[in-house]
Structures are given as C-alpha cells and as structure tokens.
>>> print(open('entry-v2.pdb').read())   # PDB, C-alpha atoms
ATOM      1  CA  MET P  90      29.061  10.260   1.102
ATOM      2  CA  PHE P  91      25.410   9.845   0.087
ATOM      3  CA  GLY P  92      24.259   6.948  -2.074
ATOM      4  CA  SER P  93      20.879   5.672  -3.222
ATOM      5  CA  GLY P  94      19.794   2.435  -4.823
ATOM      6  CA  ALA P  95      16.556   1.030  -6.178
ATOM      7  CA  VAL P  96      15.241  -2.326  -7.332
ATOM      8  CA  ARG P  97      12.173  -2.814  -9.500
ATOM      9  CA  ALA P  98      10.103  -5.976  -9.604
ATOM     10  CA  GLU P  99       6.831  -7.162 -11.041
ATOM     11  CA  PRO P 100       4.073  -7.078  -8.403
ATOM     12  CA  SER P 101       3.143 -10.424  -6.909
ATOM     13  CA  LEU P 102       0.093  -9.280  -4.946
ATOM     14  CA  ALA P 103      -2.518  -6.551  -4.746
ATOM     15  CA  ARG P 104      -4.371  -5.001  -1.825
ATOM     16  CA  VAL P 105      -7.898  -3.837  -2.555
ATOM     17  CA  ARG P 106      -9.662  -1.642   0.003
ATOM     18  CA  PRO P 107     -13.467  -2.009  -0.316
ATOM     19  CA  ALA P 108     -15.830  -0.298   2.099
ATOM     20  CA  VAL P 109     -19.459  -0.739   3.083
ATOM     21  CA  ASP P 110     -21.240   2.553   3.762
ATOM     22  CA  VAL P 111     -25.005   2.670   4.358
ATOM     23  CA  LEU P 112     -27.403   5.307   5.649
ATOM     24  CA  GLU P 113     -30.722   4.178   7.183
ATOM     25  CA  PRO P 114     -33.466   5.763   9.317
ATOM     26  CA  SER P 115     -32.662   3.643  12.411
ATOM     27  CA  PRO P 116     -29.532   2.059  13.913
ATOM     28  CA  GLU P 117     -31.091  -1.399  13.635
ATOM     29  CA  GLN P 118     -31.753  -0.967   9.909
ATOM     30  CA  ALA P 119     -28.262   0.440   9.323
ATOM     31  CA  PHE P 120     -26.604  -2.494  11.122
ATOM     32  CA  GLN P 121     -28.803  -5.006   9.315
ATOM     33  CA  ARG P 122     -28.188  -3.600   5.839
ATOM     34  CA  ALA P 123     -24.439  -3.218   6.438
ATOM     35  CA  GLY P 124     -24.235  -6.731   7.883
ATOM     36  CA  GLU P 125     -25.966  -8.159   4.825
ATOM     37  CA  ALA P 126     -23.531  -6.330   2.531
ATOM     38  CA  VAL P 127     -20.554  -7.595   4.558
ATOM     39  CA  ALA P 128     -21.837 -11.187   4.345
ATOM     40  CA  ARG P 129     -22.219 -10.914   0.558
ATOM     41  CA  LEU P 130     -18.752  -9.377   0.328
ATOM     42  CA  ARG P 131     -17.195 -12.258   2.272
ATOM     43  CA  GLU P 132     -18.985 -14.806   0.091
ATOM     44  CA  VAL P 133     -17.680 -13.203  -3.116
ATOM     45  CA  LEU P 134     -14.128 -13.151  -1.732
ATOM     46  CA  ARG P 135     -14.324 -16.851  -0.853
ATOM     47  CA  ARG P 136     -15.636 -17.623  -4.360
ATOM     48  CA  HIS P 137     -12.555 -15.873  -5.723
ATOM     49  CA  GLY P 138     -10.341 -18.067  -3.555
ATOM     50  CA  VAL P 139      -9.370 -15.316  -1.104
ATOM     51  CA  PRO P 140      -8.952 -16.958   2.323
ATOM     52  CA  ASP P 141     -10.366 -15.240   5.408
ATOM     53  CA  ALA P 142      -6.785 -14.772   6.682
ATOM     54  CA  SER P 143      -6.104 -12.468   3.707
ATOM     55  CA  VAL P 144      -8.963 -10.141   4.672
ATOM     56  CA  SER P 145      -8.505  -7.624   7.459
ATOM     57  CA  GLY P 146     -11.391  -5.400   8.347
ATOM     58  CA  SER P 147     -12.810  -2.937  10.783
ATOM     59  CA  ARG P 148     -15.833  -3.495  12.966
ATOM     60  CA  LEU P 149     -19.086  -1.934  11.942
ATOM     61  CA  GLY P 150     -19.086   1.704  13.013
ATOM     62  CA  LEU P 151     -22.262   3.710  13.567
ATOM     63  CA  SER P 152     -22.717   7.477  13.561
ATOM     64  CA  SER P 153     -25.623   9.903  13.366
ATOM     65  CA  GLU P 154     -25.786  12.020  10.252
ATOM     66  CA  TYR P 155     -27.388  15.444  10.126
ATOM     67  CA  ASP P 156     -28.191  18.051   7.522
ATOM     68  CA  GLY P 157     -27.714  21.730   8.363
ATOM     69  CA  HIS P 158     -26.219  23.386  11.443
ATOM     70  CA  ALA P 159     -27.171  24.298  15.023
ATOM     71  CA  ARG P 160     -30.925  24.533  15.641
ATOM     72  CA  GLY P 161     -31.798  24.174  11.972
ATOM     73  CA  ARG P 162     -30.199  20.779  11.543
ATOM     74  CA  THR P 163     -32.271  17.686  10.889
ATOM     75  CA  LEU P 164     -31.406  14.043  11.405
ATOM     76  CA  LEU P 165     -30.829  12.279   8.081
ATOM     77  CA  GLY P 166     -30.332   8.877   9.627
ATOM     78  CA  TYR P 167     -27.655   6.542  10.924
ATOM     79  CA  ARG P 168     -24.544   5.813   8.897
ATOM     80  CA  CYS P 169     -22.952   2.387   9.304
ATOM     81  CA  GLN P 170     -19.506   1.840   7.833
ATOM     82  CA  ALA P 171     -16.932  -0.944   7.623
ATOM     83  CA  SER P 172     -13.729  -0.953   5.600
ATOM     84  CA  TYR P 173     -11.541  -3.872   4.560
ATOM     85  CA  ALA P 174      -8.118  -4.646   3.152
ATOM     86  CA  VAL P 175      -8.179  -7.655   0.834
ATOM     87  CA  GLU P 176      -4.883  -9.191  -0.266
ATOM     88  CA  THR P 177      -4.752 -11.381  -3.369
ATOM     89  CA  GLY P 178      -2.064 -12.842  -5.569
ATOM     90  CA  ALA P 179      -4.469 -13.464  -8.460
ATOM     91  CA  LEU P 180      -3.543 -10.313 -10.392
ATOM     92  CA  ASP P 181      -5.008 -11.574 -13.674
ATOM     93  CA  ASP P 182      -8.413 -11.802 -11.971
ATOM     94  CA  LEU P 183      -8.176  -8.461 -10.160
ATOM     95  CA  GLU P 184     -10.607  -6.453 -12.288
ATOM     96  CA  ARG P 185     -13.252  -9.181 -12.038
ATOM     97  CA  LEU P 186     -12.710  -9.398  -8.262
ATOM     98  CA  ILE P 187     -13.226  -5.628  -7.856
ATOM     99  CA  ALA P 188     -16.351  -5.665 -10.042
ATOM    100  CA  ASP P 189     -17.810  -8.606  -8.086
ATOM    101  CA  VAL P 190     -17.019  -6.945  -4.750
ATOM    102  CA  VAL P 191     -18.862  -3.802  -5.832
ATOM    103  CA  ASP P 192     -21.801  -5.871  -7.128
ATOM    104  CA  ALA P 193     -21.911  -7.699  -3.791
ATOM    105  CA  GLY P 194     -22.435  -4.501  -1.834
ATOM    106  CA  ALA P 195     -19.163  -2.609  -1.428
ATOM    107  CA  HIS P 196     -20.220   1.011  -1.793
ATOM    108  CA  ARG P 197     -16.754   2.269  -2.653
ATOM    109  CA  ILE P 198     -13.172   1.143  -3.280
ATOM    110  CA  ASP P 199     -10.792   3.262  -1.197
ATOM    111  CA  GLY P 200      -7.701   2.108  -3.048
ATOM    112  CA  VAL P 201      -5.823  -0.561  -4.982
ATOM    113  CA  GLU P 202      -2.149  -1.058  -4.135
ATOM    114  CA  PHE P 203       0.369  -3.396  -5.747
ATOM    115  CA  ASP P 204       3.212  -4.950  -3.775
ATOM    116  CA  VAL P 205       5.713  -7.809  -3.695
ATOM    117  CA  ARG P 206       5.782 -10.732  -1.303
ATOM    118  CA  ASP P 207       9.549 -10.788  -0.799
ATOM    119  CA  ARG P 208      10.108  -7.120  -0.011
ATOM    120  CA  PRO P 209      12.953  -7.759   2.521
ATOM    121  CA  ALA P 210      15.074  -9.395  -0.207
ATOM    122  CA  LEU P 211      14.441  -6.456  -2.566
ATOM    123  CA  LEU P 212      15.272  -4.009   0.203
ATOM    124  CA  ASP P 213      18.558  -5.827   0.885
ATOM    125  CA  GLU P 214      19.496  -5.490  -2.786
ATOM    126  CA  ALA P 215      18.501  -1.804  -2.828
ATOM    127  CA  ARG P 216      20.759  -1.210   0.185
ATOM    128  CA  ARG P 217      23.662  -2.975  -1.543
ATOM    129  CA  ARG P 218      23.169  -0.723  -4.566
ATOM    130  CA  ALA P 219      23.023   2.373  -2.352
ATOM    131  CA  VAL P 220      26.324   1.429  -0.696
ATOM    132  CA  ALA P 221      27.933   0.730  -4.099
ATOM    133  CA  ALA P 222      26.748   4.130  -5.385
ATOM    134  CA  ALA P 223      28.174   5.920  -2.337
ATOM    135  CA  ARG P 224      31.480   4.049  -2.717
ATOM    136  CA  ARG P 225      31.754   4.933  -6.434
ATOM    137  CA  LYS P 226      31.143   8.598  -5.693
ATOM    138  CA  ALA P 227      33.670   8.573  -2.827
ATOM    139  CA  GLN P 228      36.250   6.910  -5.090
ATOM    140  CA  VAL P 229      35.896   9.685  -7.686
ATOM    141  CA  TYR P 230      36.281  12.400  -5.047
ATOM    142  CA  ALA P 231      39.297  10.658  -3.483
ATOM    143  CA  GLU P 232      41.039  10.335  -6.852
ATOM    144  CA  ALA P 233      40.290  13.990  -7.670
ATOM    145  CA  ALA P 234      41.837  14.981  -4.335
ATOM    146  CA  ASP P 235      44.919  12.827  -5.047
ATOM    147  CA  ALA P 236      44.080  10.482  -2.170
ATOM    148  CA  ARG P 237      43.225   6.841  -1.734
ATOM    149  CA  LEU P 238      39.947   5.655  -0.282
ATOM    150  CA  GLY P 239      40.327   3.958   3.084
ATOM    151  CA  PRO P 240      37.931   1.738   5.012
ATOM    152  CA  VAL P 241      34.367   2.651   5.889
ATOM    153  CA  LEU P 242      34.146   4.416   9.264
ATOM    154  CA  HIS P 243      30.434   5.173   9.417
ATOM    155  CA  ILE P 244      27.179   3.844   7.893
ATOM    156  CA  GLN P 245      23.812   5.528   8.361
ATOM    157  CA  ASP P 246      20.383   4.835   6.870
ATOM    158  CA  VAL P 247      18.928   8.092   5.585
ATOM    159  CA  GLU P 248      15.399   6.715   6.096
ATOM    160  CA  ALA P 249      14.599   4.614   9.128
ATOM    161  CA  GLU P 250      11.896   2.681   7.237
ATOM    162  CA  PRO P 251      12.460   2.548   3.458
ATOM    163  CA  VAL P 252       9.193   2.108   1.598
ATOM    164  CA  ALA P 253       8.136   0.488  -1.639
ATOM    165  CA  ALA P 254       6.744   2.781  -4.309
ATOM    166  CA  PHE P 255       4.443   1.749  -7.121
ATOM    167  CA  ARG P 256       5.361   2.810 -10.653
ATOM    168  CA  ALA P 257       2.482   2.507 -13.097
ATOM    169  CA  SER P 258       3.106   0.997 -16.485
ATOM    170  CA  ALA P 259       2.041   2.978 -19.521
ATOM    171  CA  ALA P 260       1.913  -0.072 -21.747
ATOM    172  CA  GLY P 261       0.288  -3.470 -21.568
ATOM    173  CA  GLY P 262      -3.313  -4.551 -21.587
ATOM    174  CA  PRO P 263      -6.339  -3.102 -23.335
ATOM    175  CA  PRO P 264      -7.379   0.513 -22.692
ATOM    176  CA  GLY P 265      -8.808   0.888 -19.209
ATOM    177  CA  ALA P 266      -7.112  -2.279 -17.972
ATOM    178  CA  LEU P 267      -5.572  -2.303 -14.527
ATOM    179  CA  ALA P 268      -1.897  -2.540 -15.554
ATOM    180  CA  PRO P 269       0.139  -3.313 -12.436
ATOM    181  CA  GLY P 270       3.425  -1.851 -13.729
ATOM    182  CA  ALA P 271       6.294  -2.388 -11.307
ATOM    183  CA  VAL P 272       7.000  -2.028  -7.611
ATOM    184  CA  GLU P 273      10.146  -0.068  -6.794
ATOM    185  CA  VAL P 274      11.940  -0.526  -3.485
ATOM    186  CA  SER P 275      14.570   2.082  -2.730
ATOM    187  CA  ALA P 276      17.156   2.731  -0.022
ATOM    188  CA  ARG P 277      19.428   5.664   0.837
ATOM    189  CA  VAL P 278      22.609   5.608   2.849
ATOM    190  CA  VAL P 279      25.412   7.895   4.034
ATOM    191  CA  LEU P 280      28.870   6.345   4.277
ATOM    192  CA  GLY P 281      31.909   7.887   5.970
ATOM    193  CA  PHE P 282      35.325   6.835   4.614
ATOM    194  CA  SER P 283      38.835   7.454   5.787
ATOM    195  CA  LEU P 284      41.309   8.912   3.251
ATOM    196  CA  ARG P 285      44.947   7.966   2.762
ATOM    197  CA  HIS P 286      47.610  10.041   1.022
TER     198      HIS P 286
END
>>> encode(input="entry-v2.pdb", output="structure tokens")
Amino acid sequence: MFGSGAVRAEPSLARVRPAVDVLEPSPEQAFQRAGEAVARLREVLRRHGVPDASVSGSRLGLSSEYDGHARGRTLLGYRCQASYAVETGALDDLERLIADVVDAGAHRIDGVEFDVRDRPALLDEARRRAVAAARRKAQVYAEAADARLGPVLHIQDVEAEPVAAFRASAAGGPPGALAPGAVEVSARVVLGFSLRH
C-alpha cells in the first residue's frame, strides 16, 4: 500500500549562489580582475556576518573565448570565472546582502534557495505521516474486503533520497520582496500488510 506524507516549515536559512565572471585581453588581467572581485565579495560577506565556513567556492577557472568558427574565429580574450555558495540565516537581511554582493563585484546570481537547518527531523515526521497514510488506506481496503488488517510485513522507501521542495508564498512583504514562503519535506513509502479473515 502506497502512502505519502509532507511537512512544511518556515525557512531558517538561505543559500545564495553569486558568481564572478570577467573577460580580459590577457590571462594575467583576467586573474587579477577576478581576484579583486573575489576579495571584495569576501569582505562584503564578512561585513554581513557570514563566516568563511559558510562560504563554499570554486577555484578561479580560466578559458579562452572566441568569436566565430573555424578559420574565421578571433580571440575575444580570457574568461575567468568563480562561483560560490553562501549560506546565511539572516533572512531579513537577504535582499541587502544580495545587492551588496552584486555591488562588490559578483557579475551574476545563479540562484537563491531556502532551506531548514533541521531537515532530518522534518524528514522523520514526513515518513511517519507517509506510514500513517498507507495504514489508513490499507484499513479501508481491508474493511471493504471483509478482512482485518494484520501486521506490517514489508516497508520500502519509494525514493532513496527524499528531497526538500521550496513553496513560494504569494503573500507577505512589499511588492518585489523576496518572500521565503515555506520549505516542504516529503516522503513516500510502500507498506505490505498481512490480512486476517
């Protein structure tokens, strides 16, 4: 018998994904300009109280960039990129943080995700609800078949790694505000029961 359960909670943290992306005539200039942007980015994050441990990033990557194809292509320069994941619990300050990060030299924001710190506890509750839903359904079928529900013989997760989904909130905050909405953690299960007559 299949059952699903979900738990919704207010987000307790956000992950912002800024990236530095520069194009310069030489590798040295590209590395220098990207390095300066990264340093400014780190300084802004520290000013916002984001510890270095809450920032994970890639190394500076360098690639040649061309315009055109085959023999007609021309070298545009050298592109240097670095992307970061910044985790913060200061949700009320999130819009200001993003604006300051962009002002400091982040050339784009690749995403903003909301999450909860205690996801394992929410997942446990979602699994309990999934089992309860499967049991209720099995009870109805057993009664309709003039049988009694016996013990559980089999339990199987439908998904090996249940994930948290973000549900945006339509209300709250001024127009254009980053409204975090709710994080939903769901689980699905298949239970096998014995039947007694």
>>> resolve_selection(input="entry-v2.pdb", expression="the PyMOL selection byres ((chain P and resi 193) around 12)", output="list in words")
Pro107, Ala108, Val109, Ala123, Gly124, Glu125, Ala126, Val127, Ala128, Arg129, Leu130, Arg131, Glu132, Val133, Leu134, Arg136, Leu186, Ile187, Ala188, Asp189, Val190, Val191, Asp192, Gly194, Ala195, His196 and Arg197 of chain P
>>> write_last_selection(input="entry-v2.pdb", atoms="C-alpha atoms", output="PDB file, in the frame of the given file")
ATOM      1  CA  PRO P 107     -13.467  -2.009  -0.316  1.00  0.00           C
ATOM      2  CA  ALA P 108     -15.830  -0.298   2.099  1.00  0.00           C
ATOM      3  CA  VAL P 109     -19.459  -0.739   3.083  1.00  0.00           C
ATOM      4  CA  ALA P 123     -24.439  -3.218   6.438  1.00  0.00           C
ATOM      5  CA  GLY P 124     -24.235  -6.731   7.883  1.00  0.00           C
ATOM      6  CA  GLU P 125     -25.966  -8.159   4.825  1.00  0.00           C
ATOM      7  CA  ALA P 126     -23.531  -6.330   2.531  1.00  0.00           C
ATOM      8  CA  VAL P 127     -20.554  -7.595   4.558  1.00  0.00           C
ATOM      9  CA  ALA P 128     -21.837 -11.187   4.345  1.00  0.00           C
ATOM     10  CA  ARG P 129     -22.219 -10.914   0.558  1.00  0.00           C
ATOM     11  CA  LEU P 130     -18.752  -9.377   0.328  1.00  0.00           C
ATOM     12  CA  ARG P 131     -17.195 -12.258   2.272  1.00  0.00           C
ATOM     13  CA  GLU P 132     -18.985 -14.806   0.091  1.00  0.00           C
ATOM     14  CA  VAL P 133     -17.680 -13.203  -3.116  1.00  0.00           C
ATOM     15  CA  LEU P 134     -14.128 -13.151  -1.732  1.00  0.00           C
ATOM     16  CA  ARG P 136     -15.636 -17.623  -4.360  1.00  0.00           C
ATOM     17  CA  LEU P 186     -12.710  -9.398  -8.262  1.00  0.00           C
ATOM     18  CA  ILE P 187     -13.226  -5.628  -7.856  1.00  0.00           C
ATOM     19  CA  ALA P 188     -16.351  -5.665 -10.042  1.00  0.00           C
ATOM     20  CA  ASP P 189     -17.810  -8.606  -8.086  1.00  0.00           C
ATOM     21  CA  VAL P 190     -17.019  -6.945  -4.750  1.00  0.00           C
ATOM     22  CA  VAL P 191     -18.862  -3.802  -5.832  1.00  0.00           C
ATOM     23  CA  ASP P 192     -21.801  -5.871  -7.128  1.00  0.00           C
ATOM     24  CA  GLY P 194     -22.435  -4.501  -1.834  1.00  0.00           C
ATOM     25  CA  ALA P 195     -19.163  -2.609  -1.428  1.00  0.00           C
ATOM     26  CA  HIS P 196     -20.220   1.011  -1.793  1.00  0.00           C
ATOM     27  CA  ARG P 197     -16.754   2.269  -2.653  1.00  0.00           C
TER      28      ARG P 197
END
>>> residues_around(input="entry-v2.pdb", residues="P:Asp213", least_positions_apart="4", cutoff="12 Å", atoms="only C-alpha atoms", output="PyMOL selection string")
chain P and resi 94-96+207-209+217-220+251+274-277
>>> atom_distance(input="entry-v2.pdb", atom1="atom CA of P:Tyr167", atom2="atom CA of P:Leu112")
5.4 Å
>>> resolve_selection(input="entry-v2.pdb", expression="the PyMOL selection byres ((chain P and resi 176) around 7)", output="JSON, numbers by chain")
{"P": [102, 103, 104, 105, 143, 144, 174, 175, 177]}
>>> closest_atom_pairs(input="entry-v2.pdb", of="stretch 173-228 of chain P", to="stretch 232-236 of chain P", cutoff="12 Å", atoms="only C-alpha atoms", output="tab-separated table")
residue	atom	partner	partner_atom	distance
P:Arg225	CA	P:Glu232	CA	10.8
P:Lys226	CA	P:Glu232	CA	10.1
P:Ala227	CA	P:Glu232	CA	8.6
P:Gln228	CA	P:Glu232	CA	6.1
>>> resolve_selection(input="entry-v2.pdb", expression="the PyMOL selection byres ((chain P and resi 166) around 7)", output="list in words")
Leu112, Glu113, Pro114, Ser115, Ser153, Glu154, Leu164, Leu165, Tyr167 and Arg168 of chain P
>>> atom_distance(input="entry-v2.pdb", atom1="atom CA of P:Leu238", atom2="atom CA of P:Gly281")
10.4 Å
>>> atom_distance(input="entry-v2.pdb", atom1="atom CA of P:Asp199", atom2="atom CA of P:Gly150")
16.5 Å
>>> closest_residue(input="entry-v2.pdb", among="P:Glu184, P:Gly92, P:Gly178, P:Ile244", to="P:Arg206", atoms="only C-alpha atoms")
P:Gly178
>>> residues_near_point(input="entry-v2.pdb", point="(27.1, 10.1, 1.4)", cutoff="6 Å", atoms="only C-alpha atoms", output="MDAnalysis selection string")
chainID P and resid 90:92 223 279:280
>>> closest_residue(input="entry-v2.pdb", among="P:Leu211, P:Val139, P:Ala171, P:Ala271", to="P:Val111", atoms="only C-alpha atoms")
P:Ala171
>>> build_atoms(input="entry-v2.pdb", residues="stretch 104-115 of chain P", atoms="all heavy atoms", output="short mmCIF file (atom, residue, chain, number, x, y, z; two decimals), in the frame of the given file")
data_model
loop_
_atom_site.label_atom_id
_atom_site.label_comp_id
_atom_site.auth_asym_id
_atom_site.auth_seq_id
_atom_site.Cartn_x
_atom_site.Cartn_y
_atom_site.Cartn_z
N ARG P 104 -3.49 -5.25 -2.97
CA ARG P 104 -4.37 -5.00 -1.82
C ARG P 104 -5.50 -4.09 -2.29
O ARG P 104 -5.25 -2.98 -2.75
CB ARG P 104 -3.61 -4.35 -0.67
CG ARG P 104 -2.67 -5.29 0.03
CD ARG P 104 -1.99 -4.67 1.24
NE ARG P 104 -0.85 -5.49 1.62
CZ ARG P 104 0.38 -5.29 1.14
NH1 ARG P 104 0.61 -4.29 0.32
NH2 ARG P 104 1.36 -6.09 1.50
N VAL P 105 -6.70 -4.59 -2.17
CA VAL P 105 -7.90 -3.84 -2.56
C VAL P 105 -8.59 -3.41 -1.27
O VAL P 105 -8.69 -4.21 -0.32
CB VAL P 105 -8.85 -4.71 -3.41
CG1 VAL P 105 -10.08 -3.91 -3.82
CG2 VAL P 105 -8.12 -5.24 -4.63
N ARG P 106 -9.04 -2.16 -1.22
CA ARG P 106 -9.66 -1.64 0.00
C ARG P 106 -11.14 -1.28 -0.24
O ARG P 106 -11.46 -0.13 -0.49
CB ARG P 106 -8.89 -0.42 0.51
CG ARG P 106 -7.43 -0.75 0.80
CD ARG P 106 -6.69 0.37 1.47
NE ARG P 106 -5.30 0.03 1.65
CZ ARG P 106 -4.81 -0.72 2.62
NH1 ARG P 106 -5.63 -1.22 3.53
NH2 ARG P 106 -3.52 -0.99 2.71
N PRO P 107 -12.03 -2.30 -0.17
CA PRO P 107 -13.47 -2.01 -0.32
C PRO P 107 -14.06 -1.52 1.01
O PRO P 107 -13.52 -1.81 2.08
CB PRO P 107 -14.05 -3.37 -0.71
CG PRO P 107 -13.14 -4.36 -0.08
CD PRO P 107 -11.76 -3.73 -0.04
N ALA P 108 -15.15 -0.79 0.90
CA ALA P 108 -15.83 -0.30 2.10
C ALA P 108 -17.34 -0.40 1.92
O ALA P 108 -17.87 -0.19 0.83
CB ALA P 108 -15.44 1.14 2.38
N VAL P 109 -18.00 -0.73 3.02
CA VAL P 109 -19.46 -0.74 3.08
C VAL P 109 -19.87 0.55 3.79
O VAL P 109 -19.31 0.91 4.83
CB VAL P 109 -19.96 -1.97 3.87
CG1 VAL P 109 -21.44 -1.88 4.17
CG2 VAL P 109 -19.63 -3.25 3.10
N ASP P 110 -20.83 1.25 3.22
CA ASP P 110 -21.24 2.55 3.76
C ASP P 110 -22.74 2.73 3.50
O ASP P 110 -23.15 2.97 2.37
CB ASP P 110 -20.42 3.64 3.06
CG ASP P 110 -20.65 5.01 3.65
OD1 ASP P 110 -21.64 5.20 4.37
OD2 ASP P 110 -19.83 5.91 3.38
N VAL P 111 -23.55 2.58 4.54
CA VAL P 111 -25.00 2.67 4.36
C VAL P 111 -25.59 3.72 5.29
O VAL P 111 -25.08 3.97 6.38
CB VAL P 111 -25.70 1.31 4.59
CG1 VAL P 111 -25.20 0.27 3.62
CG2 VAL P 111 -25.50 0.83 6.02
N LEU P 112 -26.67 4.33 4.85
CA LEU P 112 -27.40 5.31 5.65
C LEU P 112 -28.86 4.86 5.74
O LEU P 112 -29.51 4.68 4.71
CB LEU P 112 -27.31 6.69 5.00
CG LEU P 112 -27.99 7.85 5.73
CD1 LEU P 112 -27.29 8.12 7.06
CD2 LEU P 112 -28.00 9.09 4.86
N GLU P 113 -29.36 4.66 6.97
CA GLU P 113 -30.72 4.18 7.18
C GLU P 113 -31.40 5.00 8.28
O GLU P 113 -30.73 5.64 9.09
CB GLU P 113 -30.69 2.70 7.58
CG GLU P 113 -30.24 1.76 6.47
CD GLU P 113 -31.21 1.66 5.31
OE1 GLU P 113 -32.42 1.86 5.53
OE2 GLU P 113 -30.75 1.41 4.19
N PRO P 114 -32.74 4.96 8.33
CA PRO P 114 -33.47 5.76 9.32
C PRO P 114 -33.21 5.36 10.77
O PRO P 114 -33.32 6.19 11.67
CB PRO P 114 -34.94 5.54 8.96
CG PRO P 114 -34.93 5.01 7.57
CD PRO P 114 -33.64 4.30 7.38
N SER P 115 -32.88 4.08 11.03
CA SER P 115 -32.66 3.64 12.41
C SER P 115 -31.35 2.87 12.51
O SER P 115 -30.87 2.31 11.52
CB SER P 115 -33.80 2.74 12.87
OG SER P 115 -33.72 1.48 12.22
#
